[in-house]
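File shown: my_file-v8.csv. Contents: CSV, C-alpha atoms.
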chain,number,residue,atom,x,y,z
M,1,MET,CA,0.0,0.0,0.0
M,2,GLU,CA,1.1,3.6,-0.7
M,3,LEU,CA,2.1,4.5,2.9
M,4,ASP,CA,3.2,1.1,4.2
M,5,GLY,CA,5.7,1.6,7.1
M,6,ARG,CA,5.0,5.3,7.4
M,7,VAL,CA,3.9,6.8,10.8
M,8,VAL,CA,1.3,9.6,10.9
M,9,VAL,CA,-0.1,11.8,13.7
M,10,VAL,CA,-3.5,13.3,13.2
M,11,THR,CA,-4.4,15.9,15.8
M,12,GLY,CA,-8.1,16.0,16.7
M,13,GLY,CA,-8.4,12.7,14.9
M,14,THR,CA,-11.1,11.1,17.0
M,15,ARG,CA,-14.2,12.4,15.2
M,16,GLY,CA,-15.5,14.3,12.1
M,17,VAL,CA,-12.9,15.5,9.6
M,18,GLY,CA,-10.0,14.2,11.8
M,19,ALA,CA,-11.4,10.7,12.0
M,20,GLY,CA,-11.9,10.7,8.2
M,21,ILE,CA,-8.3,11.7,7.7
M,22,ALA,CA,-7.1,9.0,10.1
M,23,ARG,CA,-9.2,6.4,8.3
M,24,SER,CA,-7.7,7.4,4.9
M,25,PHE,CA,-4.2,7.0,6.2
M,26,LEU,CA,-5.0,3.6,7.7
M,27,GLU,CA,-6.4,2.5,4.4
M,28,ALA,CA,-3.2,3.7,2.7
M,29,GLY,CA,-1.2,1.4,5.0
M,30,ALA,CA,0.2,3.9,7.5
M,31,GLU,CA,0.5,3.5,11.3
M,32,VAL,CA,-1.8,6.2,12.7
M,33,VAL,CA,-1.8,7.9,16.0
M,34,VAL,CA,-4.7,10.3,16.9
M,35,CYS,CA,-4.7,12.7,19.8
M,36,ALA,CA,-7.4,14.8,21.4
M,37,ARG,CA,-8.4,15.8,24.9
M,38,ARG,CA,-11.0,13.1,25.1
M,39,PRO,CA,-11.0,9.5,23.7
M,40,PRO,CA,-13.2,8.6,20.9
M,41,ASP,CA,-16.6,6.9,21.5
M,42,ARG,CA,-15.2,3.9,19.5
M,43,PRO,CA,-11.8,3.2,18.1
M,44,VAL,CA,-11.0,5.0,14.8
M,45,ALA,CA,-10.6,2.0,12.4
M,46,ALA,CA,-10.5,1.2,8.7
M,47,GLY,CA,-9.3,-1.8,6.6
M,48,GLY,CA,-9.3,-4.0,9.6
M,49,ARG,CA,-6.8,-1.8,11.5
M,50,GLU,CA,-7.1,0.8,14.3
M,51,ALA,CA,-5.5,4.1,15.0
M,52,SER,CA,-3.9,4.4,18.5
M,53,PHE,CA,-5.1,7.1,20.8
M,54,THR,CA,-3.3,9.4,23.2
M,55,ALA,CA,-5.0,12.0,25.3
M,56,LEU,CA,-3.3,15.4,24.7
M,57,ASP,CA,-4.0,19.1,25.3
M,58,LEU,CA,-2.3,20.8,22.4
M,59,ARG,CA,-2.1,24.0,24.5
M,60,ASP,CA,0.4,22.3,26.9
M,61,THR,CA,3.7,22.9,25.2
M,62,ALA,CA,5.7,20.5,27.4
M,63,ALA,CA,3.1,17.7,27.0
M,64,VAL,CA,3.1,18.2,23.2
M,65,GLY,CA,6.9,17.7,23.2
M,66,ASP,CA,6.7,14.6,25.3
M,67,PHE,CA,3.9,13.2,23.0
M,68,PHE,CA,6.0,13.4,19.9
M,69,ASP,CA,9.0,12.0,21.6
M,70,ALA,CA,6.9,9.1,22.8
M,71,VAL,CA,5.5,8.5,19.3
M,72,ALA,CA,9.0,8.5,17.7
M,73,GLY,CA,10.2,6.2,20.5
M,74,ARG,CA,7.4,3.7,20.0
M,75,TYR,CA,7.6,3.5,16.2
M,76,GLY,CA,11.1,4.6,15.6
M,77,ARG,CA,10.1,7.3,13.2
M,78,LEU,CA,7.5,10.0,12.3
M,79,ASP,CA,6.6,10.7,8.7
M,80,CYS,CA,3.7,13.1,8.7
M,81,LEU,CA,1.9,15.4,11.0
M,82,VAL,CA,-1.7,16.5,10.1
M,83,ASN,CA,-2.7,19.6,12.1
M,84,ASN,CA,-6.4,19.1,12.1
M,85,ALA,CA,-7.5,20.0,15.6
M,86,GLY,CA,-9.5,23.2,15.8
M,87,GLY,CA,-13.0,24.7,15.5
M,88,THR,CA,-15.1,27.4,17.0
M,89,PRO,CA,-18.6,28.1,18.2
M,90,TYR,CA,-20.7,30.7,16.4
M,91,ARG,CA,-20.1,34.0,18.2
M,92,LEU,CA,-20.3,37.5,16.8
M,93,LEU,CA,-17.3,39.7,17.7
M,94,GLY,CA,-19.4,42.0,19.9
M,95,GLU,CA,-20.9,39.0,21.8
M,96,GLY,CA,-17.6,37.8,23.4
M,97,GLY,CA,-14.7,39.4,25.1
M,98,ALA,CA,-11.2,39.5,23.6
M,99,GLU,CA,-10.1,36.6,25.8
M,100,ARG,CA,-12.7,34.3,24.3
M,101,HIS,CA,-11.7,35.2,20.8
M,102,ALA,CA,-8.0,34.8,21.7
M,103,ARG,CA,-8.7,31.2,22.8
M,104,VAL,CA,-10.1,30.4,19.3
M,105,VAL,CA,-6.8,31.8,17.8
M,106,GLU,CA,-4.8,29.8,20.3
M,107,LEU,CA,-6.5,26.5,19.3
M,108,ASN,CA,-6.5,27.1,15.5
M,109,LEU,CA,-3.2,28.8,15.0
M,110,VAL,CA,-0.9,28.6,18.0
M,111,ALA,CA,-1.6,24.9,18.8
M,112,PRO,CA,-0.7,23.8,15.2
M,113,MET,CA,2.5,25.8,15.4
M,114,THR,CA,3.4,24.2,18.8
M,115,ALA,CA,2.8,20.7,17.4
M,116,SER,CA,4.8,21.4,14.2
M,117,LEU,CA,7.8,22.7,16.2
M,118,ALA,CA,7.7,19.6,18.4
M,119,ALA,CA,7.4,17.2,15.4
M,120,HIS,CA,10.0,19.0,13.3
M,121,PRO,CA,13.1,17.2,14.6
M,122,TRP,CA,11.5,13.8,13.9
M,123,LEU,CA,10.1,14.8,10.5
M,124,LYS,CA,13.5,16.1,9.5
M,125,ARG,CA,15.0,12.6,10.0
M,126,THR,CA,12.5,11.0,7.6
M,127,ARG,CA,12.2,13.9,5.2
M,128,GLY,CA,8.5,13.9,6.1
M,129,SER,CA,5.8,16.5,5.8
M,130,VAL,CA,3.2,18.6,7.6
M,131,VAL,CA,-0.3,19.0,6.4
M,132,MET,CA,-2.3,22.0,7.8
M,133,ILE,CA,-6.1,21.7,7.7
M,134,GLY,CA,-7.2,25.2,6.7
M,135,SER,CA,-10.6,26.6,5.8
M,136,VAL,CA,-12.1,28.9,3.2
M,137,SER,CA,-13.1,31.0,6.2
M,138,GLY,CA,-9.5,32.2,6.1
M,139,THR,CA,-9.9,33.5,2.5
M,140,ARG,CA,-13.2,35.4,2.8
M,141,PRO,CA,-15.2,37.3,5.4
M,142,SER,CA,-16.3,35.0,8.2
M,143,PRO,CA,-19.1,36.7,10.2
M,144,GLY,CA,-19.9,34.9,13.4
M,145,THR,CA,-16.5,33.1,13.3
M,146,ALA,CA,-14.2,36.1,12.7
M,147,ALA,CA,-11.4,34.9,15.1
M,148,TYR,CA,-11.5,31.5,13.5
M,149,GLY,CA,-11.2,32.9,10.0
M,150,ALA,CA,-8.3,35.1,11.1
M,151,ALA,CA,-6.6,32.1,12.6
M,152,LYS,CA,-7.0,30.0,9.5
M,153,ALA,CA,-5.6,32.8,7.3
M,154,GLY,CA,-2.6,32.9,9.6
M,155,LEU,CA,-2.3,29.1,9.5
M,156,GLU,CA,-2.0,29.2,5.7
M,157,SER,CA,0.7,31.9,5.9
M,158,LEU,CA,2.5,30.0,8.6
M,159,ALA,CA,2.6,26.9,6.4
M,160,ARG,CA,4.1,28.8,3.5
M,161,SER,CA,6.8,30.2,5.7
M,162,MET,CA,7.5,26.8,7.2
M,163,ALA,CA,7.8,25.4,3.8
M,164,VAL,CA,10.6,27.8,3.0
M,165,GLU,CA,12.4,27.6,6.3
M,166,TRP,CA,12.3,23.8,6.6
M,167,ALA,CA,13.1,22.9,3.0
M,168,PRO,CA,14.4,20.6,1.7
M,169,GLU,CA,14.0,18.1,4.5
M,170,VAL,CA,10.4,18.8,5.4
M,171,ARG,CA,7.5,19.7,3.1
M,172,VAL,CA,4.6,21.7,4.4
M,173,ASN,CA,1.3,22.2,2.7
M,174,SER,CA,-2.3,23.2,3.5
M,175,LEU,CA,-5.7,21.8,2.6
M,176,VAL,CA,-8.2,24.6,2.4
M,177,LEU,CA,-11.6,23.1,3.2
M,178,GLY,CA,-15.0,24.2,2.3
M,179,MET,CA,-18.1,22.7,4.0
M,180,VAL,CA,-17.8,19.2,5.2
M,181,ARG,CA,-20.6,16.8,6.3
M,182,THR,CA,-19.8,15.4,9.7
M,183,GLU,CA,-21.8,14.2,12.7
M,184,LEU,CA,-22.0,17.9,13.8
M,185,ALA,CA,-23.1,19.3,10.4
M,186,HIS,CA,-26.6,19.9,11.8
M,187,LEU,CA,-25.2,22.4,14.2
M,188,HIS,CA,-24.1,24.6,11.3
M,189,TYR,CA,-26.7,23.8,8.6
M,190,GLY,CA,-29.8,22.5,10.3
M,191,ASP,CA,-31.7,19.3,9.6
M,192,GLU,CA,-31.3,17.1,6.5
M,193,ALA,CA,-33.3,19.5,4.3
M,194,GLY,CA,-31.0,22.3,5.4
M,195,ILE,CA,-27.8,20.2,4.8
M,196,GLU,CA,-29.1,19.3,1.3
M,197,ALA,CA,-30.0,22.9,0.5
M,198,VAL,CA,-26.6,24.1,1.6
M,199,GLY,CA,-25.0,21.3,-0.4
M,200,ALA,CA,-26.9,22.4,-3.5
M,201,THR,CA,-25.1,25.8,-3.4
M,202,VAL,CA,-21.8,24.0,-4.0
M,203,PRO,CA,-20.9,23.6,-7.7
M,204,LEU,CA,-20.3,19.8,-7.2
M,205,GLY,CA,-23.8,19.6,-5.6
M,206,ARG,CA,-22.9,18.3,-2.1
M,207,LEU,CA,-20.9,18.9,1.0
M,208,ALA,CA,-17.5,17.2,1.2
M,209,GLU,CA,-17.3,13.9,3.1
M,210,PRO,CA,-14.5,13.4,5.6
M,211,ALA,CA,-13.0,10.8,3.3
M,212,ASP,CA,-12.7,13.4,0.6
M,213,VAL,CA,-10.4,15.4,2.9
M,214,GLY,CA,-8.6,12.3,4.0
M,215,ASP,CA,-7.7,11.2,0.5
M,216,ALA,CA,-6.3,14.7,-0.3
M,217,ALA,CA,-4.2,14.6,2.9
M,218,VAL,CA,-2.8,11.2,1.9
M,219,PHE,CA,-1.8,12.6,-1.5
M,220,LEU,CA,0.1,15.5,0.1
M,221,ALA,CA,1.8,13.1,2.5
M,222,SER,CA,2.8,10.6,-0.2
M,223,ASP,CA,5.7,10.4,-2.6
M,224,ARG,CA,3.3,11.5,-5.4
M,225,ALA,CA,3.5,15.0,-3.9
M,226,ARG,CA,7.3,14.9,-3.5
M,227,TYR,CA,7.7,18.2,-5.3
M,228,VAL,CA,4.7,19.9,-3.7
M,229,SER,CA,5.6,22.2,-0.8
M,230,GLY,CA,4.2,25.6,0.3
M,231,ALA,CA,1.0,24.8,-1.6
M,232,SER,CA,-2.6,25.4,-0.7
M,233,LEU,CA,-4.9,22.8,-2.1
M,234,LEU,CA,-8.6,23.8,-2.3
M,235,VAL,CA,-11.0,21.1,-1.2
M,236,HIS,CA,-14.2,22.9,-1.6
M,237,GLY,CA,-16.2,21.3,-4.4
M,238,GLY,CA,-15.7,24.4,-6.7
M,239,GLY,CA,-16.3,27.0,-4.0
M,240,GLU,CA,-19.3,29.2,-3.6
M,241,ARG,CA,-21.5,30.4,-6.4
M,242,PRO,CA,-21.2,34.2,-6.6
M,243,ALA,CA,-24.3,35.9,-5.2
M,244,PHE,CA,-24.4,38.4,-8.0
M,245,LEU,CA,-25.2,35.7,-10.5
M,246,ASP,CA,-28.5,35.0,-8.8
M,247,ALA,CA,-29.2,38.7,-8.2
M,248,ALA,CA,-28.7,39.8,-11.8
M,249,THR,CA,-31.7,40.1,-14.1
M,250,VAL,CA,-29.9,39.0,-17.2
M,251,ASN,CA,-28.2,35.9,-18.5
M,252,LYS,CA,-30.6,33.6,-16.7
M,253,GLU,CA,-31.1,30.0,-17.8
M,254,SER,CA,-34.6,29.4,-19.1
Could you express the structure from this file as structure tokens?
Amino acid sequence: MELDGRVVVVTGGTRGVGAGIARSFLEAGAEVVVCARRPPDRPVAAGGREASFTALDLRDTAAVGDFFDAVAGRYGRLDCLVNNAGGTPYRLLGEGGAERHARVVELNLVAPMTASLAAHPWLKRTRGSVVMIGSVSGTRPSPGTAAYGAAKAGLESLARSMAVEWAPEVRVNSLVLGMVRTELAHLHYGDEAGIEAVGATVPLGRLAEPADVGDAAVFLASDRARYVSGASLLVHGGGERPAFLDAATVNKES
């Protein structure tokens, strides 16, 4: 299989997009370690194999360093770090104090930097890679999740700088995600009718599945992407249909 013998860490890999990424790496033959503050309800598994789990708070710098040392000690190597952990509640800027918004930035920008720095010595030995999980929220206005959008914009910039500083030993790339259907999709889009209606606004006609993201992450971690670094791969189904097309009174399809 494509990643036989490789060792991959997926942060926030116990549910949703992270679990989908972990399953794709398992199917590609990699040994997968997922970390999160709480264990998954059931093991993350695919292809008859399971990811191992370690409880970890990515805001604890010392614990993060110990974690990557332990992974490298257990498996003898580290080939890829997928910085997936993140997220935010819906909160308008005026509805929360600066400290609440700062915590969103800490989780979505500072924590991936902390993990990447801790993983770097081990990735350098294997000429491995880092995959940042970004968002279209970092490329357009993000009302209700402004701090999240700002953090994701920063994450993409961080990845490009890392790609230059850490070359040629370590490649660093970003996946810029659009809307993904997970077990929490109803919190963002409503019931099944709402999810389908939102999916219909995407040119490809549906929300992404976690496996769509996972397969793209496997590509960036694989030798097929050996000359890809500092790149941002859009995984958004074609993006968002411009609002002016629907508002215009000309050039309408009959």
- [ ] Determine the nearest neighbour of Ser116 (chain M) from the options M:Gly205, M:Ala30, M:Val9, M:Ser52, counting only C-alpha atoms.
- [x] M:Val9
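Nearest residue to Glu156 (chain M) among M:Ala248, M:Val8, M:Leu233, M:Ala193 is M:Leu233, counting all atoms listed in the file.
Our summary of the geometry notes that CA of Arg37 (chain M) is positioned 5.1 Å from CA of Leu56 (chain M).
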- [ ] Rank M:Asp223, M:Val82, M:Pro121, M:Ala45 by their smallest atom-to-atom distance to Ser174 (chain M), using all atoms listed in the file, and report the top residue only.
- [x] M:Val82
TODO: Find the residues around Asp79 (chain M) up to 8 Å (only C-alpha atoms counted), leave out those fewer than 2 positions away in its own chain, and share them as JSON, numbers by chain.
DONE: {"M": [6, 7, 8, 77, 81, 122, 123, 126, 127, 128, 129]}
- [ ] Quick one: everything within 12 Å of Arg140 (chain M), counting all atoms listed in the file, minus sequence neighbours fewer than 2 positions away in the same chain. Send it as a PyMOL selection string.
- [x] chain M and resi 135-138+142-143+145-146+148-150+152-153+176+178+239-240
Task: Point-to-point distance from CA of Leu26 (chain M) to CA of Tyr75 (chain M), Å rounded to tenths - done: 15.2 Å
Open item on the list: With only C-alpha atoms as the counted atoms, please give the residues lying no more than 12 Å from Ala63 (chain M), apart from itself and same-chain residues fewer than 3 positions off, as a ChimeraX atom specification.
Closed with: /M:35,37,54-60,66-70,111,114-115,118
Open item on the list: What's around Ala200 (chain M) at 12 Å? Count all atoms listed in the file, leave out sequence neighbours fewer than 6 positions away in its own chain, and write the answer as a list in words.
Closed with: Met179, Ala193, Gly194, Arg206, Leu207, Ala208, Gly237, Gly238, Gly239, Glu240 and Arg241 of chain M
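Interatomic distance, CA of Leu175 (chain M) against CA of His236 (chain M): 9.5 Å.
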